[in-house]
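K.L.:
Have a peek at data.tsv (TSV, C-alpha atoms).
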chain	number	residue	atom	x	y	z
A	981	MET	CA	166.64	151.86	128.30
A	982	THR	CA	167.61	149.02	130.63
A	983	VAL	CA	170.40	149.76	133.12
A	984	ALA	CA	172.71	146.96	134.23
A	985	PRO	CA	172.30	145.94	137.91
A	986	ARG	CA	175.89	146.87	138.75
A	987	THR	CA	175.55	150.28	137.13
A	988	ARG	CA	172.25	150.88	138.90
A	989	ALA	CA	173.84	150.00	142.27
A	990	VAL	CA	176.70	152.44	141.65
A	991	LEU	CA	174.27	155.21	140.73
A	992	VAL	CA	172.13	154.56	143.83
A	993	ASP	CA	175.17	154.60	146.12
A	994	ALA	CA	176.45	157.81	144.53
A	995	GLY	CA	173.07	159.46	145.06
A	996	LEU	CA	172.93	158.36	148.70
A	997	VAL	CA	176.45	159.66	149.36
A	998	GLY	CA	175.52	163.00	147.80
A	999	LEU	CA	172.38	163.26	149.93
A	1000	ALA	CA	174.31	162.26	153.04
A	1001	LEU	CA	176.96	164.94	152.39
A	1002	LEU	CA	174.24	167.55	151.91
A	1003	ASP	CA	172.57	166.39	155.12
A	1004	ALA	CA	175.91	166.60	156.97
A	1005	TRP	CA	176.50	170.16	155.75
A	1006	LEU	CA	172.98	171.41	156.53
A	1007	SER	CA	172.87	169.78	159.97
A	1008	ASN	CA	176.34	170.91	161.07
A	1009	ALA	CA	177.00	174.15	159.18
A	1010	HIS	CA	177.13	176.05	162.48
A	1011	ALA	CA	178.24	173.16	164.71
A	1012	THR	CA	181.73	172.24	165.86
A	1013	SER	CA	184.30	171.04	163.35
A	1014	SER	CA	184.42	167.62	165.00
A	1015	ALA	CA	180.70	167.04	164.45
A	1016	LEU	CA	180.99	168.08	160.80
A	1017	THR	CA	184.01	165.84	160.32
A	1018	LEU	CA	182.22	162.82	161.83
A	1019	SER	CA	179.19	163.50	159.63
A	1020	VAL	CA	181.29	163.71	156.46
A	1021	ILE	CA	183.07	160.45	157.39
A	1022	ALA	CA	179.68	158.79	157.89
A	1023	ALA	CA	178.50	160.00	154.49
A	1024	LEU	CA	181.62	158.82	152.65
A	1025	ALA	CA	181.47	155.44	154.42
A	1026	LEU	CA	178.28	154.67	152.49
A	1027	THR	CA	180.43	153.90	149.43
A	1028	ILE	CA	181.34	150.51	150.95
A	1029	ARG	CA	178.07	149.74	152.68
A	1030	ARG	CA	177.28	146.70	150.49
A	1031	ARG	CA	180.55	144.93	151.32
A	1032	HIS	CA	180.94	145.97	154.99
A	1033	PRO	CA	177.48	146.86	156.36
A	1034	PHE	CA	178.31	146.55	160.08
A	1035	ALA	CA	181.54	148.56	159.80
A	1036	VAL	CA	179.72	151.32	157.94
A	1037	PHE	CA	176.98	151.44	160.55
A	1038	ALA	CA	179.62	151.70	163.28
A	1039	LEU	CA	181.12	154.71	161.48
A	1040	THR	CA	177.72	156.43	161.29
A	1041	VAL	CA	176.85	156.04	165.00
A	1042	PRO	CA	179.18	158.85	166.25
A	1043	ALA	CA	177.75	161.22	163.63
A	1044	LEU	CA	174.23	160.29	164.71
A	1045	PHE	CA	174.94	161.17	168.34
A	1046	SER	CA	177.02	164.30	167.72
A	1047	GLY	CA	175.80	165.74	164.43
A	1048	TYR	CA	172.15	164.74	164.31
A	1049	VAL	CA	172.45	163.54	160.70
A	1050	LEU	CA	169.76	161.25	159.35
A	1051	ILE	CA	170.60	159.99	155.83
A	1052	ALA	CA	173.85	158.14	156.61
A	1053	PRO	CA	172.75	156.22	159.75
A	1054	LEU	CA	169.34	155.34	158.35
A	1055	THR	CA	170.90	154.04	155.11
A	1056	ALA	CA	173.50	152.03	157.07
A	1057	LEU	CA	170.79	150.55	159.31
A	1058	TYR	CA	168.72	149.56	156.26
A	1059	THR	CA	171.78	147.88	154.73
A	1060	VAL	CA	172.42	145.88	157.92
A	1061	ALA	CA	168.83	144.63	158.05
A	1062	ALA	CA	168.87	143.71	154.35
A	1063	ALA	CA	172.24	141.94	154.47
A	1064	THR	CA	172.04	139.64	157.50
A	1065	ARG	CA	169.75	136.79	158.45
A	1066	ASN	CA	170.63	137.03	162.13
A	1067	ARG	CA	168.02	139.09	163.98
A	1068	TRP	CA	170.13	139.92	167.07
A	1069	PRO	CA	172.74	142.11	165.32
A	1070	THR	CA	169.94	143.89	163.52
A	1071	ALA	CA	168.09	144.49	166.80
A	1072	VAL	CA	171.24	145.87	168.48
A	1073	CYS	CA	171.93	148.23	165.58
A	1074	GLY	CA	168.29	149.37	165.64
A	1075	ALA	CA	168.50	150.05	169.38
A	1076	LEU	CA	171.67	152.14	168.92
A	1077	ALA	CA	169.99	154.14	166.16
A	1078	GLY	CA	166.94	154.75	168.36
A	1079	LEU	CA	169.15	155.92	171.25
A	1080	GLY	CA	171.06	158.22	168.91
A	1081	TYR	CA	167.79	159.85	167.90
A	1082	LEU	CA	166.42	160.02	171.45
A	1083	LEU	CA	169.46	161.07	173.53
A	1084	PRO	CA	170.91	164.60	173.30
A	1085	TRP	CA	174.60	165.38	172.82
A	1086	PRO	CA	176.51	165.87	175.05
A	1087	PHE	CA	175.01	163.78	177.78
A	1088	ASP	CA	176.02	166.13	180.59
A	1089	GLY	CA	173.04	167.58	182.33
A	1090	ALA	CA	170.51	165.62	180.28
A	1091	ASP	CA	167.39	164.46	182.08
A	1092	LEU	CA	167.61	160.81	181.04
A	1093	VAL	CA	164.71	159.77	183.29
A	1094	GLY	CA	162.47	162.38	181.67
A	1095	LEU	CA	163.54	161.36	178.19
A	1096	PHE	CA	162.78	157.69	178.71
A	1097	GLY	CA	159.50	158.58	180.40
A	1098	ASP	CA	158.28	160.57	177.41
A	1099	PRO	CA	155.98	158.25	175.40
A	1100	LEU	CA	155.95	160.51	172.35
A	1101	GLY	CA	159.75	160.63	172.20
A	1102	LEU	CA	159.97	156.84	172.54
A	1103	ILE	CA	157.45	156.44	169.69
A	1104	TYR	CA	159.50	158.77	167.44
A	1105	ALA	CA	162.71	156.91	168.28
A	1106	THR	CA	161.06	153.57	167.57
A	1107	VAL	CA	159.72	154.76	164.21
A	1108	PHE	CA	163.09	156.32	163.38
A	1109	ALA	CA	164.93	153.01	163.92
A	1110	GLY	CA	162.09	150.64	163.00
A	1111	GLY	CA	161.42	152.09	159.55
A	1112	PRO	CA	164.83	151.26	158.01
A	1113	VAL	CA	164.86	147.87	159.73
A	1114	ALA	CA	161.42	146.98	158.34
A	1115	LEU	CA	162.40	148.12	154.84
A	1116	GLY	CA	165.64	146.13	155.02
A	1117	LEU	CA	163.85	142.98	156.14
A	1118	LEU	CA	161.30	143.48	153.36
A	1119	ALA	CA	164.05	143.85	150.75
A	1120	ARG	CA	165.84	140.74	151.98
A	1121	THR	CA	162.60	138.74	152.00
A	1122	ARG	CA	161.81	139.91	148.48
A	1123	ARG	CA	165.27	138.87	147.30
A	1124	GLU	CA	164.93	135.45	148.90
A	1125	LEU	CA	161.49	134.97	147.34
A	1126	SER	CA	162.88	135.96	143.95
A	1127	ASP	CA	165.68	133.41	144.30
A	1128	ARG	CA	163.19	130.79	145.37
A	1129	PHE	CA	160.98	131.62	142.39
A	1130	ASP	CA	163.97	131.20	140.06
A	1131	GLU	CA	164.67	127.81	141.62
A	1132	LEU	CA	161.05	126.76	141.16
A	1133	THR	CA	161.12	127.93	137.54
A	1134	ALA	CA	164.27	125.94	136.90
A	1135	GLY	CA	162.67	122.92	138.56
A	1136	GLN	CA	159.61	123.23	136.35
A	1137	GLU	CA	161.86	123.42	133.27
A	1138	ARG	CA	163.59	120.22	134.36
A	1139	GLU	CA	160.23	118.53	134.92
A	1140	ARG	CA	159.04	119.57	131.46
A	1141	GLU	CA	162.26	118.25	129.95
A	1142	LEU	CA	161.86	114.95	131.78
A	1143	LEU	CA	158.25	114.74	130.63
A	1144	SER	CA	159.23	115.39	127.02
A	1145	ARG	CA	161.91	112.70	127.27
A	1146	THR	CA	159.35	110.27	128.65
A	1147	VAL	CA	156.93	111.03	125.81
A	1148	LEU	CA	159.76	110.66	123.30
A	1149	ALA	CA	160.79	107.32	124.79
A	1150	GLU	CA	157.20	106.06	124.61
A	1151	GLU	CA	156.90	107.18	120.99
A	1152	ARG	CA	160.19	105.52	120.11
A	1153	THR	CA	159.01	102.31	121.73
A	1154	ARG	CA	155.76	102.44	119.75
A	1155	LEU	CA	157.63	103.03	116.51
A	1156	ALA	CA	159.98	100.16	117.28
A	1157	ARG	CA	157.04	97.85	117.91
A	1158	GLU	CA	155.38	98.87	114.63
A	1159	MET	CA	158.60	98.42	112.66
A	1160	HIS	CA	159.22	95.02	114.17
A	1161	ASP	CA	155.65	93.78	113.68
A	1162	VAL	CA	155.19	95.01	110.11
A	1163	VAL	CA	158.50	95.42	108.30
A	1164	SER	CA	160.40	92.60	109.97
A	1165	HIS	CA	157.65	90.08	109.26
A	1166	GLN	CA	157.43	90.98	105.58
A	1167	VAL	CA	161.18	91.05	105.00
A	1168	SER	CA	161.47	87.65	106.70
A	1169	LEU	CA	158.89	86.26	104.27
A	1170	ILE	CA	160.90	87.69	101.36
A	1171	ALA	CA	164.07	85.97	102.64
A	1172	VAL	CA	162.26	82.65	103.11
A	1173	GLN	CA	160.66	82.77	99.65
A	1174	ALA	CA	163.99	83.69	98.04
A	1175	GLY	CA	165.70	80.79	99.82
A	1176	ALA	CA	163.02	78.38	98.66
A	1177	LEU	CA	163.31	79.64	95.08
A	1178	SER	CA	167.10	79.25	95.18
A	1179	THR	CA	166.86	75.60	96.23
A	1180	THR	CA	164.11	74.58	93.79
A	1181	THR	CA	165.03	76.31	90.54
A	1182	SER	CA	167.36	74.84	87.96
A	1183	ASP	CA	168.05	78.13	86.22
A	1184	GLY	CA	171.47	79.47	87.25
A	1185	GLN	CA	170.55	83.14	86.74
A	1186	VAL	CA	167.34	82.77	88.73
A	1187	ARG	CA	169.27	81.01	91.53
A	1188	GLU	CA	171.85	83.79	91.61
A	1189	ALA	CA	169.14	86.44	91.75
A	1190	ALA	CA	167.30	84.56	94.51
A	1191	ASP	CA	170.52	84.26	96.53
A	1192	THR	CA	171.09	87.98	96.16
A	1193	ILE	CA	167.55	88.74	97.30
A	1194	ARG	CA	167.93	86.42	100.27
A	1195	ARG	CA	171.30	87.94	101.24
A	1196	LEU	CA	169.99	91.49	101.01
A	1197	SER	CA	166.89	90.54	103.00
A	1198	VAL	CA	169.03	89.08	105.79
A	1199	GLN	CA	171.20	92.20	105.81
A	1200	THR	CA	168.12	94.40	105.93
A	1201	LEU	CA	166.76	92.41	108.86
A	1202	THR	CA	170.04	92.83	110.72
A	1203	GLU	CA	170.06	96.59	110.24
A	1204	LEU	CA	166.37	96.77	111.10
A	1205	ARG	CA	166.94	94.93	114.39
A	1206	GLN	CA	169.73	97.36	115.22
A	1207	MET	CA	167.45	100.32	114.54
A	1208	VAL	CA	164.66	98.78	116.61
A	1209	GLY	CA	167.14	98.34	119.45
A	1210	VAL	CA	168.10	102.01	119.23
A	1211	LEU	CA	164.47	103.11	119.27
A	1212	ARG	CA	163.64	100.92	122.26
A	1213	SER	CA	166.64	102.06	124.31
A	1214	SER	CA	166.89	105.27	126.25
A	1215	ALA	CA	169.26	108.05	125.27
A	1216	GLU	CA	171.45	107.32	128.32
A	1217	GLN	CA	171.66	103.58	127.64
A	1218	ALA	CA	171.96	103.28	123.89
A	1219	PRO	CA	172.94	99.78	122.82
A	1220	GLU	CA	176.27	99.11	121.20
A	1221	LEU	CA	175.65	98.84	117.49
A	1222	ALA	CA	177.25	96.30	115.22
A	1223	PRO	CA	180.06	97.62	113.00
A	1224	GLN	CA	178.66	100.30	110.73
A	1225	PRO	CA	179.34	100.35	106.97
A	1226	ARG	CA	182.51	102.02	105.77
A	1227	ILE	CA	184.17	102.85	102.47
A	1228	SER	CA	185.65	99.37	102.32
A	1229	ASP	CA	182.09	97.95	102.19
A	1230	ILE	CA	181.13	99.89	99.04
A	1231	PRO	CA	182.43	97.21	96.60
A	1232	ARG	CA	180.21	94.59	98.26
A	1233	LEU	CA	177.30	97.04	98.12
A	1234	ILE	CA	177.74	97.45	94.36
A	1235	ARG	CA	178.05	93.71	93.78
A	1236	ASN	CA	174.82	93.09	95.67
A	1237	SER	CA	172.97	95.86	93.85
A	1238	GLY	CA	172.93	93.87	90.60
A	1239	GLN	CA	173.62	97.03	88.57
A	1240	ASP	CA	176.16	97.73	85.85
A	1241	ALA	CA	178.31	100.03	87.99
A	1242	ALA	CA	181.99	100.96	87.72
A	1243	LEU	CA	183.75	101.78	91.00
A	1244	ASP	CA	186.87	103.83	91.58
A	1245	ILE	CA	188.10	103.97	95.18
A	1246	ARG	CA	191.78	103.44	94.53
A	1247	ARG	CA	192.85	106.79	95.93
A	1248	THR	CA	191.25	106.03	99.30
A	1249	ALA	CA	193.66	103.15	99.94
A	1250	GLY	CA	195.65	103.72	103.10
A	1251	ARG	CA	193.46	106.69	104.10
A	1252	SER	CA	190.82	106.85	106.78
A	1253	TRP	CA	188.17	109.36	107.79
A	1254	PRO	CA	185.94	109.70	110.86
A	1255	ASP	CA	183.36	106.95	111.23
A	1256	ALA	CA	180.48	109.36	110.59
A	1257	VAL	CA	182.08	110.50	107.32
A	1258	GLU	CA	182.71	106.95	106.02
A	1259	ARG	CA	179.19	105.91	107.00
A	1260	ALA	CA	177.75	108.96	105.21
A	1261	ALA	CA	179.78	108.12	102.09
A	1262	TYR	CA	178.41	104.58	102.13
A	1263	ARG	CA	174.81	105.78	102.54
A	1264	THR	CA	175.26	108.29	99.72
A	1265	VAL	CA	176.36	105.58	97.32
A	1266	GLN	CA	173.59	103.29	98.53
A	1267	GLU	CA	170.85	105.88	97.97
A	1268	ALA	CA	172.26	106.94	94.60
A	1269	LEU	CA	172.35	103.33	93.38
A	1270	THR	CA	168.78	102.82	94.54
A	1271	ASN	CA	167.64	105.91	92.63
A	1272	ALA	CA	169.55	104.85	89.52
A	1273	GLY	CA	167.92	101.43	89.63
A	1274	LYS	CA	164.44	102.93	89.96
A	1275	HIS	CA	164.69	105.75	87.46
A	1276	ALA	CA	167.35	104.60	85.00
A	1277	GLY	CA	167.30	100.82	85.07
A	1278	GLY	CA	170.02	99.29	82.91
A	1279	ALA	CA	171.99	102.52	82.59
A	1280	GLN	CA	175.74	102.61	83.18
A	1281	VAL	CA	176.60	103.90	86.67
A	1282	THR	CA	179.96	105.33	87.69
A	1283	VAL	CA	180.88	105.57	91.38
A	1284	THR	CA	183.94	107.57	92.40
A	1285	VAL	CA	185.12	107.91	95.99
A	1286	ALA	CA	188.30	109.95	96.25
A	1287	PRO	CA	190.05	112.31	98.67
A	1288	SER	CA	190.02	116.03	97.99
A	1289	GLY	CA	192.71	117.37	100.28
A	1290	PRO	CA	191.60	116.43	103.79
A	1291	ASP	CA	188.01	116.04	102.59
A	1292	LEU	CA	186.25	113.07	101.01
A	1293	CYS	CA	184.40	113.47	97.71
A	1294	VAL	CA	181.71	110.99	96.63
A	1295	THR	CA	180.33	111.18	93.10
A	1296	VAL	CA	177.72	108.84	91.60
A	1297	ARG	CA	176.70	109.41	88.01
A	1298	ASN	CA	174.32	107.37	85.93
A	1299	ALA	CA	173.93	107.61	82.20
A	1300	PRO	CA	170.51	108.15	80.57
A	1301	PRO	CA	168.17	105.16	80.60
A	1302	PRO	CA	168.63	102.91	77.56
A	1303	GLY	CA	166.47	104.04	74.65
A	1304	ALA	CA	165.60	107.34	76.32
A	1305	ARG	CA	166.81	110.75	75.26
A	1306	SER	CA	166.56	112.30	78.69
A	1307	TYR	CA	165.73	111.44	82.27
A	1308	SER	CA	162.09	110.42	82.47
A	1309	GLY	CA	161.77	108.30	85.55
A	1310	PRO	CA	158.69	108.44	87.73
A	1311	ALA	CA	158.53	111.17	90.33
A	1312	GLY	CA	159.44	110.09	93.82
A	1313	GLY	CA	159.01	111.59	97.24
A	1314	GLY	CA	162.51	113.08	97.25
A	1315	HIS	CA	163.07	112.04	100.87
A	1316	GLY	CA	166.22	110.09	100.07
A	1317	LEU	CA	168.04	113.05	98.55
A	1318	VAL	CA	166.77	115.35	101.30
A	1319	GLY	CA	168.17	112.95	103.87
A	1320	LEU	CA	171.54	112.85	102.09
A	1321	ARG	CA	171.65	116.64	101.98
A	1322	GLU	CA	170.87	116.91	105.70
A	1323	ARG	CA	173.46	114.26	106.56
A	1324	ALA	CA	176.14	116.13	104.59
A	1325	GLU	CA	175.27	119.51	106.10
A	1326	GLN	CA	175.26	118.11	109.65
A	1327	LEU	CA	178.82	116.93	109.08
A	1328	GLY	CA	179.84	120.34	107.79
A	1329	GLY	CA	179.99	119.25	104.14
A	1330	ALA	CA	178.00	119.97	100.99
A	1331	PHE	CA	175.67	118.04	98.73
A	1332	ARG	CA	174.44	118.46	95.17
A	1333	ALA	CA	172.10	116.39	92.98
A	1334	GLU	CA	171.24	117.44	89.44
A	1335	ARG	CA	170.43	116.18	85.98
A	1336	THR	CA	173.20	116.20	83.42
A	1337	ALA	CA	173.03	117.66	79.91
A	1338	ASP	CA	172.78	114.22	78.26
A	1339	GLY	CA	169.77	113.18	80.39
A	1340	GLY	CA	171.63	111.34	83.13
A	1341	PHE	CA	171.88	112.19	86.79
A	1342	THR	CA	174.75	113.12	89.13
A	1343	VAL	CA	174.91	112.95	92.91
A	1344	LYS	CA	177.93	114.58	94.53
A	1345	ALA	CA	178.74	114.97	98.22
A	1346	VAL	CA	181.83	116.40	99.91
A	1347	PHE	CA	182.50	115.55	103.55
A	1348	PRO	CA	185.12	117.25	105.74
A	1349	GLY	CA	188.17	115.32	106.87
A	1350	GLU	CA	187.57	116.25	110.49
A	1351	PRO	CA	184.25	116.82	112.30
A	1352	ASP	CA	183.15	120.49	112.08
A	1353	SER	CA	186.28	121.35	110.12
A	1354	GLY	CA	184.32	123.04	107.37
A	1355	SER	CA	181.03	124.62	106.70
A	1356	VAL	CA	178.48	124.28	103.99
A	1357	GLY	CA	179.58	126.19	100.96
A	1358	SER	CA	183.32	125.93	101.82
A	1359	THR	CA	183.90	122.50	100.36
A	1360	GLY	CA	184.30	123.39	96.76
A	1361	LEU	CA	180.73	122.92	95.55
A	1362	PRO	CA	179.17	125.95	93.86
A	1363	PRO	CA	176.04	127.38	95.47
A	1364	GLU	CA	172.79	125.86	94.31
A	1365	ALA	CA	169.57	127.75	93.85
A	1366	PRO	CA	166.56	126.27	95.64
A	1367	SER	CA	164.72	125.87	92.37
A	1368	ALA	CA	167.54	123.69	91.00
A	1369	ARG	CA	167.06	120.97	93.56
A	1370	PRO	CA	165.61	117.92	91.77
A	1371	ALA	CA	162.77	115.89	93.26
A	1372	ARG	CA	163.82	112.32	92.83
Can the structure in the file be given as structure tokens, please?

P.N.:
Amino acid sequence: MTVAPRTRAVLVDAGLVGLALLDAWLSNAHATSSALTLSVIAALALTIRRRHPFAVFALTVPALFSGYVLIAPLTALYTVAAATRNRWPTAVCGALAGLGYLLPWPFDGADLVGLFGDPLGLIYATVFAGGPVALGLLARTRRELSDRFDELTAGQERERELLSRTVLAEERTRLAREMHDVVSHQVSLIAVQAGALSTTTSDGQVREAADTIRRLSVQTLTELRQMVGVLRSSAEQAPELAPQPRISDIPRLIRNSGQDAALDIRRTAGRSWPDAVERAAYRTVQEALTNAGKHAGGAQVTVTVAPSGPDLCVTVRNAPPPGARSYSGPAGGGHGLVGLRERAEQLGGAFRAERTADGGFTVKAVFPGEPDSGSVGSTGLPPEAPSARPAR
């Protein structure tokens, strides 16, 4: 069982006071009442030795001279040596303790010359005072080394963090370079070819489709350049991004998708949500339209964006593919839906994607009205078993 440092200190001090009181009683049971009183005062003074080490030592000196007690003065001397960095006060206190051990009480009639000329007595006095001083200095040095070790450990943690940030920055720069060299080049070619097709064809539908491709390619390049800028920048100096998509941009998104989609965002008029929520709603509709185009081309799509109390509810449902009885699109990686789920959960909302009974597909996300105002599972969506998550 681990004992708290404060509790351990209290227990140690209580034990030392008890030993000092026992020492005072055994050393002065047959002495004068004044010597016993001074010894008891010295023992009780140990209760405040950590806060007032010099005052406590001063209270133990009379008991050392008159009562010949050992526990209280030795403990007080150890505390002085462990508490102060200044060597002179420690040396003075050690000298007083050595004299208290060496000199008899009372001083009348004592042969002081003989006492100081006795080598064995001087050795005993030196050991008596030097032992607690050495232990106190050792304890203080150990404490300082421990603090220094903690500082070095913290410094190493900071160095590892800086190193990881450097590696991350280099990896982000490499990814940005790859994205720019590969994706940007190919999307630019798509935009150029679409522009050329739009100017050379005489078919109105083909021209409209080419213009749409060119417009979407230019938009993709713009967003790609923004993402490349984010990857190339450091976390402390992130570039200011262009305005991010919001709910008001969803109608333009549907027009550019070229799909037969019905949109209902009337109830969001005059309402606003945090930027992260509106951006997540836009990305949810974007990903759902992309999936509907891949897996249920030509099917009717219904997009509903509406408030639900303070929250925002986004629902995208596509009917079954024409001529098909149930959903039978090719299997995908599922990364898009996983990303939507993670985005919703990070905002404190909920996400659900599932096939419908008639063979269609429904994507539903609920985002809280305020950041961190809700938690997953508290937004009105029923819990979903892991096995019910579709791979799309």

K.L.:
Please identify all polymer residues within 9 Å of range 1283-1299 of chain A, counting all atoms listed in the file, omitting same-chain residues fewer than 5 positions from it, and present them as number ranges by chain.

P.N.:
A: 1227, 1241-1248, 1251, 1253, 1257-1258, 1261, 1264-1265, 1268-1269, 1272, 1276, 1329, 1336, 1338-1350, 1359

K.L.:
Considering only C-alpha atoms, state which residue in the set A:Ser1237, A:Ser1252, A:Ser1182, A:Thr1017 is at the smallest distance from Gln1266 in chain A.

P.N.:
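So, comparing all the options, the nearest one is A:Ser1237.
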
K.L.:
Gly1277 in chain A: which residues within 10 Å, counting all atoms listed in the file, same-chain residues fewer than 4 positions away excluded, as a PyMOL selection string?

P.N.:
chain A and resi 1239-1240+1270-1273+1281+1298-1302+1309

K.L.:
What lies within 6 Å of range 1193-1206 of chain A using only C-alpha atoms, ignoring chain neighbours under 2 positions off, as a list in words?

P.N.:
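Here the qualifying residues turn out to be Ala1171, Ala1174, Ala1190, Asp1191, Val1208 and Gly1209 of chain A.
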
K.L.:
Any chance you could export the current selection's C-alpha atoms as a short mmCIF file (atom, residue, chain, number, x, y, z; two decimals), in the frame of the given file?

P.N.:
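Contents of the output file out.cif:
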data_model
loop_
_atom_site.label_atom_id
_atom_site.label_comp_id
_atom_site.auth_asym_id
_atom_site.auth_seq_id
_atom_site.Cartn_x
_atom_site.Cartn_y
_atom_site.Cartn_z
CA ALA A 1171 164.07 85.97 102.64
CA ALA A 1174 163.99 83.69 98.04
CA ALA A 1190 167.30 84.56 94.51
CA ASP A 1191 170.52 84.26 96.53
CA VAL A 1208 164.66 98.78 116.61
CA GLY A 1209 167.14 98.34 119.45
#

K.L.:
For CA of Phe1331 in chain A and CA of Pro1225 in chain A, determine how far apart the two atoms are, in Å to one decimal place.

P.N.:
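So the answer is 19.9 Å.
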